[in-house]
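Raw run-v2.txt, compact mmCIF, C-alpha atoms and all ligand atoms:
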```
# COMPACT_ATOMS: atom_id res chain seq x y z
CA ALA A 826 0.00 0.00 0.00
CA LYS A 827 2.86 2.30 0.84
CA GLN A 828 4.45 1.61 -2.50
CA ARG A 829 1.21 2.32 -4.30
CA ARG A 830 0.92 5.67 -2.57
CA ASN A 831 4.45 6.58 -3.52
CA THR A 832 3.73 5.66 -7.11
CA PHE A 833 0.67 7.85 -7.03
CA VAL A 834 2.61 10.76 -5.56
CA PHE A 835 5.17 10.28 -8.30
CA PHE A 836 2.52 10.42 -11.02
CA GLU A 837 0.97 13.49 -9.47
CA ALA A 838 4.32 15.25 -9.42
CA GLU A 839 4.95 14.13 -12.99
CA MET A 840 1.58 15.45 -14.12
CA THR A 841 2.15 18.78 -12.41
CA ARG A 842 5.55 19.00 -14.00
CA GLN A 843 4.07 18.24 -17.41
CA SER A 844 1.22 20.71 -17.14
CA GLY A 845 3.70 23.33 -15.91
CA GLU A 846 5.80 22.55 -18.95
CA ARG A 847 2.73 22.84 -21.16
CA LEU A 848 1.79 26.22 -19.76
CA HIS A 849 5.35 27.39 -20.17
CA LEU A 850 5.42 26.30 -23.83
CA VAL A 851 2.05 27.97 -24.44
CA SER A 852 3.35 31.27 -23.09
CA LEU A 853 6.47 30.95 -25.25
CA LEU A 854 4.25 30.21 -28.26
CA ARG A 855 2.11 33.27 -27.61
CA ARG A 856 5.21 35.42 -27.64
CA ALA A 857 6.76 33.70 -30.68
CA VAL A 858 3.81 33.66 -33.11
CA PRO A 859 3.58 37.44 -33.68
CA ARG A 860 7.28 37.40 -34.72
CA PRO A 861 7.43 34.12 -36.64
CA HIS A 862 10.71 34.81 -38.48
CA GLU A 863 12.63 34.83 -35.20
CA THR A 864 12.02 31.25 -34.09
CA PHE A 865 9.93 29.45 -36.73
CA GLY A 866 11.05 28.02 -40.01
CA VAL A 867 9.64 25.93 -42.83
CA LEU A 868 11.46 22.89 -44.21
CA TYR A 869 10.55 21.12 -47.45
CA GLN A 870 10.51 17.35 -47.80
CA PRO A 871 10.84 16.07 -51.37
CA GLN A 872 8.05 14.12 -53.04
CA VAL A 873 9.18 11.76 -55.76
CA ARG A 874 7.46 9.82 -58.56
CA LEU A 875 8.09 6.18 -57.66
CA GLU A 876 8.22 4.91 -61.23
CA ASP A 877 11.35 6.87 -62.18
CA GLY A 878 12.48 8.73 -59.03
CA VAL A 879 11.81 12.16 -60.55
CA ARG A 880 10.98 14.86 -58.03
CA THR A 881 7.44 16.17 -58.29
CA GLY A 882 7.32 18.61 -55.38
CA SER A 883 7.65 18.98 -51.61
CA GLU A 884 5.67 19.12 -48.41
CA ALA A 885 6.16 22.19 -46.21
CA LEU A 886 6.84 21.21 -42.57
CA LEU A 887 6.85 23.75 -39.76
CA ARG A 888 9.76 23.90 -37.30
CA TRP A 889 10.10 25.80 -34.03
CA THR A 890 13.51 26.33 -32.44
CA LEU A 891 13.93 27.99 -29.07
CA PRO A 892 17.26 29.72 -28.53
CA ASP A 893 17.87 28.15 -25.14
CA ARG A 894 16.41 24.68 -25.63
CA GLY A 895 16.72 23.86 -29.30
CA PRO A 896 14.08 22.38 -31.61
CA VAL A 897 10.62 21.69 -30.16
CA PRO A 898 9.02 18.57 -31.71
CA PRO A 899 6.08 19.45 -34.03
CA ASP A 900 3.98 16.75 -32.40
CA LEU A 901 4.38 18.73 -29.16
CA PHE A 902 3.90 22.37 -30.23
CA ILE A 903 1.40 22.00 -33.09
CA PRO A 904 -1.33 20.51 -30.84
CA LEU A 905 -0.71 23.39 -28.41
CA ALA A 906 -1.00 25.89 -31.25
CA GLU A 907 -4.27 24.22 -32.24
CA GLU A 908 -5.68 24.25 -28.69
CA THR A 909 -4.90 27.95 -28.28
CA GLY A 910 -6.00 29.07 -31.74
CA LEU A 911 -2.46 30.25 -32.49
CA ILE A 912 -2.39 27.81 -35.41
CA VAL A 913 -4.54 30.25 -37.40
CA PRO A 914 -1.92 33.05 -37.71
CA LEU A 915 0.93 30.51 -37.61
CA GLY A 916 -0.62 28.38 -40.35
CA GLU A 917 -1.15 31.49 -42.46
CA TRP A 918 2.53 32.30 -42.05
CA VAL A 919 3.46 28.79 -43.26
CA LEU A 920 1.15 29.23 -46.24
CA ALA A 921 2.74 32.60 -47.08
CA GLN A 922 6.24 31.14 -46.79
CA ALA A 923 5.39 28.09 -48.87
CA CYS A 924 3.79 30.17 -51.64
CA ALA A 925 6.82 32.49 -51.76
CA HIS A 926 9.34 29.64 -51.70
CA GLY A 927 7.34 27.60 -54.20
CA ALA A 928 7.14 30.53 -56.60
CA ALA A 929 10.92 30.98 -56.37
CA TRP A 930 11.73 27.37 -57.32
CA SER A 931 12.80 27.04 -60.94
CA PRO A 932 9.44 27.86 -62.54
CA GLY A 933 9.98 25.54 -65.50
CA ALA A 934 10.16 22.52 -63.22
CA ALA A 935 6.57 23.10 -62.06
CA LEU A 936 7.22 21.52 -58.68
CA SER A 937 4.24 21.37 -56.36
CA VAL A 938 4.26 22.55 -52.76
CA ALA A 939 2.00 20.89 -50.20
CA VAL A 940 0.88 22.77 -47.08
CA ASN A 941 -0.79 21.26 -44.00
CA VAL A 942 -4.06 22.92 -43.01
CA SER A 943 -5.46 22.54 -39.51
CA ALA A 944 -9.13 22.27 -38.60
CA LEU A 945 -9.34 25.81 -37.23
CA GLN A 946 -7.93 27.34 -40.42
CA PHE A 947 -10.23 25.29 -42.62
CA ALA A 948 -13.28 26.20 -40.51
CA ARG A 949 -12.84 29.92 -41.08
CA THR A 950 -15.19 31.41 -43.65
CA ASP A 951 -12.33 33.58 -44.97
CA PHE A 952 -9.93 30.67 -45.53
CA ALA A 953 -10.31 30.56 -49.32
CA ALA A 954 -9.83 34.35 -49.45
CA THR A 955 -6.65 33.98 -47.40
CA VAL A 956 -5.30 31.35 -49.78
CA ARG A 957 -6.14 33.52 -52.78
CA CYS A 958 -4.39 36.47 -51.15
CA TRP A 959 -1.09 34.57 -50.74
CA LEU A 960 -1.30 33.05 -54.20
CA GLU A 961 -1.67 36.54 -55.68
CA ARG A 962 1.07 38.09 -53.56
CA SER A 963 3.55 35.34 -54.39
CA GLY A 964 2.60 34.82 -58.01
CA LEU A 965 2.59 31.06 -57.42
CA ASP A 966 0.62 29.16 -60.04
CA PRO A 967 -2.40 27.86 -58.04
CA ALA A 968 -2.07 24.47 -59.73
CA ARG A 969 1.25 24.04 -57.90
CA LEU A 970 -0.25 24.49 -54.43
CA GLU A 971 -1.68 21.42 -52.71
CA LEU A 972 -3.52 21.81 -49.40
CA GLU A 973 -3.36 18.79 -47.08
CA LEU A 974 -6.47 18.19 -44.99
CA THR A 975 -6.91 15.38 -42.50
CA GLU A 976 -9.94 13.17 -42.22
CA ARG A 977 -10.72 14.76 -38.87
CA VAL A 978 -10.83 18.17 -40.55
CA VAL A 979 -13.17 17.28 -43.37
CA LEU A 980 -15.37 14.53 -41.95
CA ASP A 981 -16.77 16.57 -39.10
CA ASP A 982 -19.41 18.05 -41.38
CA VAL A 983 -19.06 16.57 -44.84
CA GLY A 984 -21.62 18.86 -46.46
CA ARG A 985 -19.96 22.03 -45.22
CA SER A 986 -16.49 20.67 -45.95
CA ALA A 987 -17.42 19.81 -49.51
CA ALA A 988 -18.60 23.40 -50.04
CA ARG A 989 -15.41 24.86 -48.54
CA MET A 990 -13.32 22.48 -50.63
CA ALA A 991 -15.17 23.50 -53.78
CA GLU A 992 -14.32 27.15 -53.00
CA LEU A 993 -10.64 26.21 -52.73
CA ARG A 994 -10.74 24.07 -55.85
CA ALA A 995 -12.24 27.03 -57.72
CA LEU A 996 -9.01 28.92 -57.01
CA GLY A 997 -7.20 26.20 -58.95
CA VAL A 998 -5.40 24.60 -55.99
CA ARG A 999 -5.26 20.85 -55.37
CA LEU A 1000 -6.57 19.10 -52.27
CA ALA A 1001 -5.09 16.07 -50.52
CA LEU A 1002 -6.51 13.88 -47.77
CA ASP A 1003 -3.64 13.37 -45.31
CA ASP A 1004 -2.98 10.34 -43.07
CA PHE A 1005 -5.50 8.38 -45.10
CA GLY A 1006 -6.65 5.14 -43.51
CA THR A 1007 -6.01 6.15 -39.90
CA GLY A 1008 -9.31 7.91 -39.33
CA TYR A 1009 -12.87 6.97 -39.96
CA SER A 1010 -13.48 7.93 -43.59
CA SER A 1011 -16.28 6.13 -45.23
CA LEU A 1012 -16.46 5.47 -48.92
CA SER A 1013 -19.61 7.53 -49.27
CA CYS A 1014 -17.78 10.56 -47.80
CA LEU A 1015 -14.86 10.11 -50.17
CA SER A 1016 -17.16 10.17 -53.17
CA ARG A 1017 -18.71 13.46 -52.00
CA LEU A 1018 -15.44 15.34 -51.46
CA PRO A 1019 -13.63 17.17 -54.27
CA LEU A 1020 -10.15 15.65 -53.74
CA ASP A 1021 -7.07 15.24 -55.92
CA THR A 1022 -4.78 13.15 -53.75
CA LEU A 1023 -4.83 10.48 -51.04
CA LYS A 1024 -1.81 10.33 -48.76
CA VAL A 1025 -1.20 6.79 -47.52
CA ASP A 1026 -0.32 7.02 -43.83
CA ARG A 1027 3.12 5.83 -42.87
CA SER A 1028 1.71 3.24 -40.47
CA PHE A 1029 0.78 1.23 -43.59
CA VAL A 1030 4.08 1.98 -45.34
CA ARG A 1031 6.14 0.58 -42.47
CA GLY A 1032 6.99 -2.98 -43.44
CA VAL A 1033 4.61 -2.99 -46.42
CA HIS A 1034 6.96 -5.36 -48.29
CA ALA A 1035 6.86 -7.98 -45.52
CA ASP A 1036 3.49 -7.58 -43.84
CA ALA A 1037 0.55 -9.02 -45.75
CA ALA A 1038 -1.99 -6.89 -43.89
CA SER A 1039 -0.22 -3.60 -44.70
CA GLY A 1040 0.15 -4.71 -48.30
CA ALA A 1041 -3.56 -5.43 -48.49
CA VAL A 1042 -4.43 -2.03 -47.03
CA VAL A 1043 -2.17 -0.19 -49.46
CA ARG A 1044 -3.54 -2.19 -52.40
CA ALA A 1045 -7.07 -1.28 -51.31
CA ILE A 1046 -6.20 2.42 -50.96
CA VAL A 1047 -4.54 2.52 -54.38
CA GLY A 1048 -7.55 0.79 -55.93
CA LEU A 1049 -9.89 3.22 -54.23
CA ALA A 1050 -7.83 6.19 -55.39
CA ARG A 1051 -7.90 4.91 -58.97
CA SER A 1052 -11.63 4.45 -59.00
CA PHE A 1053 -12.11 8.00 -57.73
CA GLY A 1054 -9.47 9.39 -60.12
CA LEU A 1055 -7.11 10.40 -57.32
CA ARG A 1056 -3.32 10.48 -57.09
CA THR A 1057 -1.62 8.55 -54.25
CA VAL A 1058 1.32 9.69 -52.15
CA ALA A 1059 2.89 7.20 -49.72
CA GLU A 1060 4.53 8.84 -46.75
CA GLY A 1061 7.36 7.70 -44.50
CA ILE A 1062 9.27 5.53 -46.99
CA GLU A 1063 12.49 4.56 -45.20
CA THR A 1064 13.84 1.49 -47.03
CA PRO A 1065 14.38 0.38 -50.65
CA GLU A 1066 12.15 -2.64 -49.91
CA GLU A 1067 9.27 -0.37 -48.94
CA TYR A 1068 9.90 1.81 -52.02
CA ARG A 1069 9.78 -1.16 -54.41
CA ALA A 1070 6.71 -2.68 -52.78
CA LEU A 1071 4.79 0.61 -52.98
CA ARG A 1072 5.80 1.18 -56.57
CA ASP A 1073 4.75 -2.35 -57.49
CA LEU A 1074 1.42 -1.88 -55.71
CA GLY A 1075 0.77 1.06 -58.05
CA CYS A 1076 1.37 3.93 -55.67
CA GLU A 1077 2.36 6.92 -57.81
CA THR A 1078 4.35 9.20 -55.54
CA GLY A 1079 6.20 8.93 -52.25
CA GLN A 1080 8.10 10.79 -49.61
CA GLY A 1081 10.25 9.65 -46.70
CA TYR A 1082 13.72 9.65 -45.27
CA LEU A 1083 14.92 7.27 -48.05
CA LEU A 1084 13.98 9.85 -50.70
CA GLY A 1085 14.89 13.02 -48.87
CA LEU A 1086 14.88 14.64 -45.44
CA PRO A 1087 12.97 17.86 -44.81
CA GLU A 1088 15.40 20.53 -46.03
CA ALA A 1089 15.76 24.31 -45.80
CA PRO A 1090 14.83 26.32 -48.90
CA ALA A 1091 17.86 27.21 -51.01
CA ALA A 1092 19.54 30.49 -50.02
CA GLY A 1093 18.01 33.55 -51.61
CA GLU A 1094 14.72 31.84 -52.34
CA GLY A 1095 11.38 33.23 -51.42
CA ALA A 1096 10.11 35.15 -48.46
CA GLY A 1097 12.12 37.58 -46.40
CA PRO A 1098 10.63 39.07 -43.23
CA SER A 1099 8.33 41.22 -45.37
CA GLY A 1100 6.83 38.07 -46.90
CA ALA A 1101 4.20 37.62 -44.21
CA ARG A 1102 1.65 40.16 -43.13
CA GLY A 1103 0.91 40.99 -39.49
P1 LIG B 1201 2.37 14.88 -41.38
O1 LIG B 1201 1.57 15.92 -42.10
O2 LIG B 1201 1.91 13.47 -41.48
O3 LIG B 1201 3.86 15.06 -41.90
C1 LIG B 1201 4.74 14.00 -42.13
C2 LIG B 1201 5.63 13.76 -40.94
O4 LIG B 1201 6.41 12.59 -41.17
C3 LIG B 1201 6.65 14.89 -40.71
O5 LIG B 1201 6.84 14.98 -39.31
C4 LIG B 1201 7.89 14.33 -41.38
O6 LIG B 1201 9.10 14.92 -40.89
C5 LIG B 1201 7.78 12.88 -41.00
N1 LIG B 1201 8.52 12.00 -41.89
C6 LIG B 1201 8.88 12.22 -43.17
N2 LIG B 1201 9.51 11.14 -43.69
C7 LIG B 1201 9.57 10.23 -42.70
C8 LIG B 1201 10.10 8.90 -42.63
O7 LIG B 1201 10.65 8.35 -43.56
N3 LIG B 1201 9.94 8.26 -41.43
C9 LIG B 1201 9.33 8.82 -40.36
N4 LIG B 1201 9.25 8.13 -39.24
N5 LIG B 1201 8.80 10.08 -40.42
C10 LIG B 1201 8.92 10.76 -41.58
P2 LIG B 1201 6.94 16.38 -38.58
O8 LIG B 1201 7.65 17.37 -39.44
O9 LIG B 1201 7.47 16.08 -37.21
O10 LIG B 1201 5.44 16.85 -38.47
C11 LIG B 1201 4.53 16.14 -37.67
C12 LIG B 1201 3.12 16.59 -37.96
O11 LIG B 1201 2.95 17.96 -37.58
C13 LIG B 1201 2.75 16.56 -39.43
O12 LIG B 1201 2.43 15.25 -39.80
C14 LIG B 1201 1.57 17.49 -39.45
O13 LIG B 1201 0.41 16.84 -38.99
C15 LIG B 1201 1.99 18.52 -38.43
N6 LIG B 1201 2.52 19.70 -39.13
C16 LIG B 1201 3.77 19.96 -39.60
N7 LIG B 1201 3.83 21.19 -40.17
C17 LIG B 1201 2.59 21.72 -40.07
C18 LIG B 1201 1.99 22.97 -40.45
O14 LIG B 1201 2.62 23.86 -41.07
N8 LIG B 1201 0.68 23.15 -40.14
C19 LIG B 1201 -0.06 22.19 -39.49
N9 LIG B 1201 -1.35 22.45 -39.21
N10 LIG B 1201 0.46 21.01 -39.12
C20 LIG B 1201 1.77 20.78 -39.41
CA CA B 1202 0.93 16.29 -44.14
CA CA B 1203 0.63 12.63 -43.16
CA CA B 1204 0.79 12.32 -39.43
```
When written as structure tokens, how does the structure in this file appear?
Amino acid sequence: AKQRRNTFVFFEAEMTRQSGERLHLVSLLRRAVPRPHETFGVLYQPQVRLEDGVRTGSEALLRWTLPDRGPVPPDLFIPLAEETGLIVPLGEWVLAQACAHGAAWSPGAALSVAVNVSALQFARTDFAATVRCWLERSGLDPARLELELTERVVLDDVGRSAARMAELRALGVRLALDDFGTGYSSLSCLSRLPLDTLKVDRSFVRGVHADAASGAVVRAIVGLARSFGLRTVAEGIETPEEYRALRDLGCETGQGYLLGLPEAPAAGEGAGPSGARG
């Protein structure tokens, strides 16, 4: 009994420590977001056509580095930014950066740039206007911008989401469903949403060459994508075996540490501090 109490006291102390840490990070976030260029950055992970290894574009990934403690994991600070609403201005900054960087990449190559959109951004009635604003300011061809939405974002209210997505599609941008297969999408929802791309979650990519169940899931997703006329992107490819298996299963595009780490934009490209408003 004594031991149990000690364990409990330990957990209580641990929880207090963690919530103190959370509050501390939230206050740092509040101070950092209005001056994003000081501590935030955007890295770009290559996306590659599996058939021939040709690069087709990149995904923009947000990074936050604190001077005294180094990089803060995205899986830690992005949920906090979502809970506090700070993801709205922060996500707009990422969008502005990605449009500016994307427009600066050798225009002839027509590389796409994918940007993650959180539920709060997508829910705003002015979201399509915001996207149009940054497309115009950057001069990026809308067809080169792909917005990544998760199932959680779009399946909350499929009717409203479909309308919002149609507004975005009307701008000429492409729409991807991220982390596909991990949520609760139903086939009927998929058919009602104006999508261009399904991103196969990396939990199905891991060991796809060896694990029959993962292989079956990927085959099903690729088949589904084909019947809806969608492109597939497999994420988290780490080994040549996974690459070959995905290619042979008919997956078109992929990204992952095997194909390229998230990298800084080349020097001189894109947005300086004046690139984002507010
Ligand atoms: P995500 O959208 O699924 O992004 C892919 C994640 O997989 C990235 O993690 C990327 O660094 C990681 N990754 C890429 N290749 C590999 C691989 O081969 N193996 C493994 N194990 N991981 C790989 P990251 O950068 O830590 O981002 C985590 C999540 O944070 C993202 O997941 C996305 O949900 C969110 N996120 C990142 N940037 C933004 C942003 O600008 N806005 C919003 N709303 N969310 C963002
Ligand atoms: Ca993503
Ligand atoms: Ca993903
Ligand atoms: Ca993910």
Separation of atom O10 of ligand LIG 1201 (chain B) from CA of Leu875 in chain A in Å: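 Separation between CA of Leu875 in chain A and atom O10 of ligand LIG 1201 (chain B): 22.1 Å.
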Gap from CA of Cys958 in chain A to CA of Arg1056 in chain A - Å, one decimal: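 The value is 26.7 Å.
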Environment of ligand LIG 1201 (chain B) within 7 Å, counting only C-alpha atoms and all ligand atoms, reported as a list of chain:residue names: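 For ligand LIG 1201 (chain B), the residues inside 7 Å are A:Ala885, A:Leu886, A:Leu887, A:Pro898, A:Pro899, A:Asp900, A:Ile903, A:Ile912, A:Gly916, A:Val919, A:Val940, A:Asn941, A:Val942, A:Ser943, A:Asp1003, A:Asp1004, A:Glu1060, A:Gly1061, A:Ile1062, A:Glu1063, A:Gln1080, A:Gly1081, A:Tyr1082, A:Leu1083, A:Leu1086, A:Pro1087.
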Given all atoms listed in the file as the counted atoms, nearest of A:Arg949, A:Arg1069, A:Arg969, A:Arg999 to Ser986 in chain A: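 The shortest atom-to-atom distance to Ser986 in chain A comes from A:Arg949.
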What does the list of residues within 10 Å of ligand CA 1203 (chain B) look like if you count all atoms listed in the file, written as a tab-separated table (two decimals) with C-alpha atoms, keeping the file's coordinate frame?
```tsv
chain	number	residue	atom	x	y	z
A	884	GLU	CA	5.67	19.12	-48.41
A	941	ASN	CA	-0.79	21.26	-44.00
A	973	GLU	CA	-3.36	18.79	-47.08
A	974	LEU	CA	-6.47	18.19	-44.99
A	975	THR	CA	-6.91	15.38	-42.50
A	1001	ALA	CA	-5.09	16.07	-50.52
A	1002	LEU	CA	-6.51	13.88	-47.77
A	1003	ASP	CA	-3.64	13.37	-45.31
A	1004	ASP	CA	-2.98	10.34	-43.07
A	1005	PHE	CA	-5.50	8.38	-45.10
A	1007	THR	CA	-6.01	6.15	-39.90
A	1023	LEU	CA	-4.83	10.48	-51.04
A	1024	LYS	CA	-1.81	10.33	-48.76
A	1025	VAL	CA	-1.20	6.79	-47.52
A	1026	ASP	CA	-0.32	7.02	-43.83
A	1027	ARG	CA	3.12	5.83	-42.87
A	1028	SER	CA	1.71	3.24	-40.47
A	1058	VAL	CA	1.32	9.69	-52.15
A	1059	ALA	CA	2.89	7.20	-49.72
A	1060	GLU	CA	4.53	8.84	-46.75
A	1061	GLY	CA	7.36	7.70	-44.50
```
Near-Ser852 in chain A list (12 Å; all atoms listed in the file; drop same-chain fewer than 5 positions) as a ChimeraX atom specification: /A:845-847,857-858,902,905-906,909,911
Test item: which residues lie within 12 Å of (-16.8, 20.1, -44.2) counting all atoms listed in the file, as an MDAnalysis selection string: chainID A and resid 944:945 947:950 974:992 1014:1015 1017:1019
Filled-in N, CA and C atoms of range 943-968 of chain A, supplied as a tab-separated table (two decimals), in the coordinates of the input:
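Below is the file selection_32.tsv, written as the result:
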```tsv
chain	number	residue	atom	x	y	z
A	943	SER	N	-4.81	23.08	-40.71
A	943	SER	CA	-5.46	22.54	-39.51
A	943	SER	C	-6.95	22.86	-39.51
A	944	ALA	N	-7.67	22.15	-38.65
A	944	ALA	CA	-9.13	22.27	-38.60
A	944	ALA	C	-9.60	23.71	-38.40
A	945	LEU	N	-8.91	24.43	-37.51
A	945	LEU	CA	-9.34	25.81	-37.23
A	945	LEU	C	-9.19	26.72	-38.43
A	946	GLN	N	-8.12	26.53	-39.20
A	946	GLN	CA	-7.93	27.34	-40.42
A	946	GLN	C	-9.04	27.03	-41.42
A	947	PHE	N	-9.26	25.73	-41.62
A	947	PHE	CA	-10.23	25.29	-42.62
A	947	PHE	C	-11.64	25.74	-42.26
A	948	ALA	N	-11.93	25.84	-40.96
A	948	ALA	CA	-13.28	26.20	-40.51
A	948	ALA	C	-13.59	27.67	-40.73
A	949	ARG	N	-12.59	28.48	-40.96
A	949	ARG	CA	-12.84	29.92	-41.08
A	949	ARG	C	-13.49	30.24	-42.44
A	950	THR	N	-14.48	31.10	-42.39
A	950	THR	CA	-15.19	31.41	-43.65
A	950	THR	C	-14.29	32.17	-44.61
A	951	ASP	N	-13.21	32.82	-44.08
A	951	ASP	CA	-12.33	33.58	-44.97
A	951	ASP	C	-11.11	32.76	-45.43
A	952	PHE	N	-11.14	31.44	-45.20
A	952	PHE	CA	-9.93	30.67	-45.53
A	952	PHE	C	-9.60	30.72	-47.03
A	953	ALA	N	-10.59	30.54	-47.88
A	953	ALA	CA	-10.31	30.56	-49.32
A	953	ALA	C	-9.78	31.95	-49.74
A	954	ALA	N	-10.31	32.99	-49.14
A	954	ALA	CA	-9.83	34.35	-49.45
A	954	ALA	C	-8.37	34.52	-49.02
A	955	THR	N	-8.03	33.92	-47.87
A	955	THR	CA	-6.65	33.98	-47.40
A	955	THR	C	-5.71	33.26	-48.37
A	956	VAL	N	-6.13	32.10	-48.82
A	956	VAL	CA	-5.30	31.35	-49.78
A	956	VAL	C	-5.13	32.16	-51.07
A	957	ARG	N	-6.24	32.74	-51.55
A	957	ARG	CA	-6.14	33.52	-52.78
A	957	ARG	C	-5.19	34.70	-52.61
A	958	CYS	N	-5.26	35.34	-51.44
A	958	CYS	CA	-4.39	36.47	-51.15
A	958	CYS	C	-2.91	36.09	-51.29
A	959	TRP	N	-2.51	34.95	-50.70
A	959	TRP	CA	-1.09	34.57	-50.74
A	959	TRP	C	-0.66	34.04	-52.09
A	960	LEU	N	-1.61	33.45	-52.83
A	960	LEU	CA	-1.30	33.05	-54.20
A	960	LEU	C	-1.00	34.29	-55.04
A	961	GLU	N	-1.85	35.33	-54.88
A	961	GLU	CA	-1.67	36.54	-55.68
A	961	GLU	C	-0.37	37.26	-55.31
A	962	ARG	N	-0.14	37.39	-53.99
A	962	ARG	CA	1.07	38.09	-53.56
A	962	ARG	C	2.35	37.41	-54.02
A	963	SER	N	2.33	36.07	-54.04
A	963	SER	CA	3.55	35.34	-54.39
A	963	SER	C	3.69	35.13	-55.88
A	964	GLY	N	2.57	35.15	-56.59
A	964	GLY	CA	2.60	34.82	-58.01
A	964	GLY	C	2.69	33.33	-58.28
A	965	LEU	N	2.54	32.51	-57.22
A	965	LEU	CA	2.59	31.06	-57.42
A	965	LEU	C	1.40	30.60	-58.25
A	966	ASP	N	1.68	29.76	-59.25
A	966	ASP	CA	0.62	29.16	-60.04
A	966	ASP	C	-0.25	28.30	-59.09
A	967	PRO	N	-1.54	28.61	-58.98
A	967	PRO	CA	-2.40	27.86	-58.04
A	967	PRO	C	-2.32	26.35	-58.23
A	968	ALA	N	-2.11	25.90	-59.46
A	968	ALA	CA	-2.07	24.47	-59.73
A	968	ALA	C	-0.89	23.79	-59.03
```
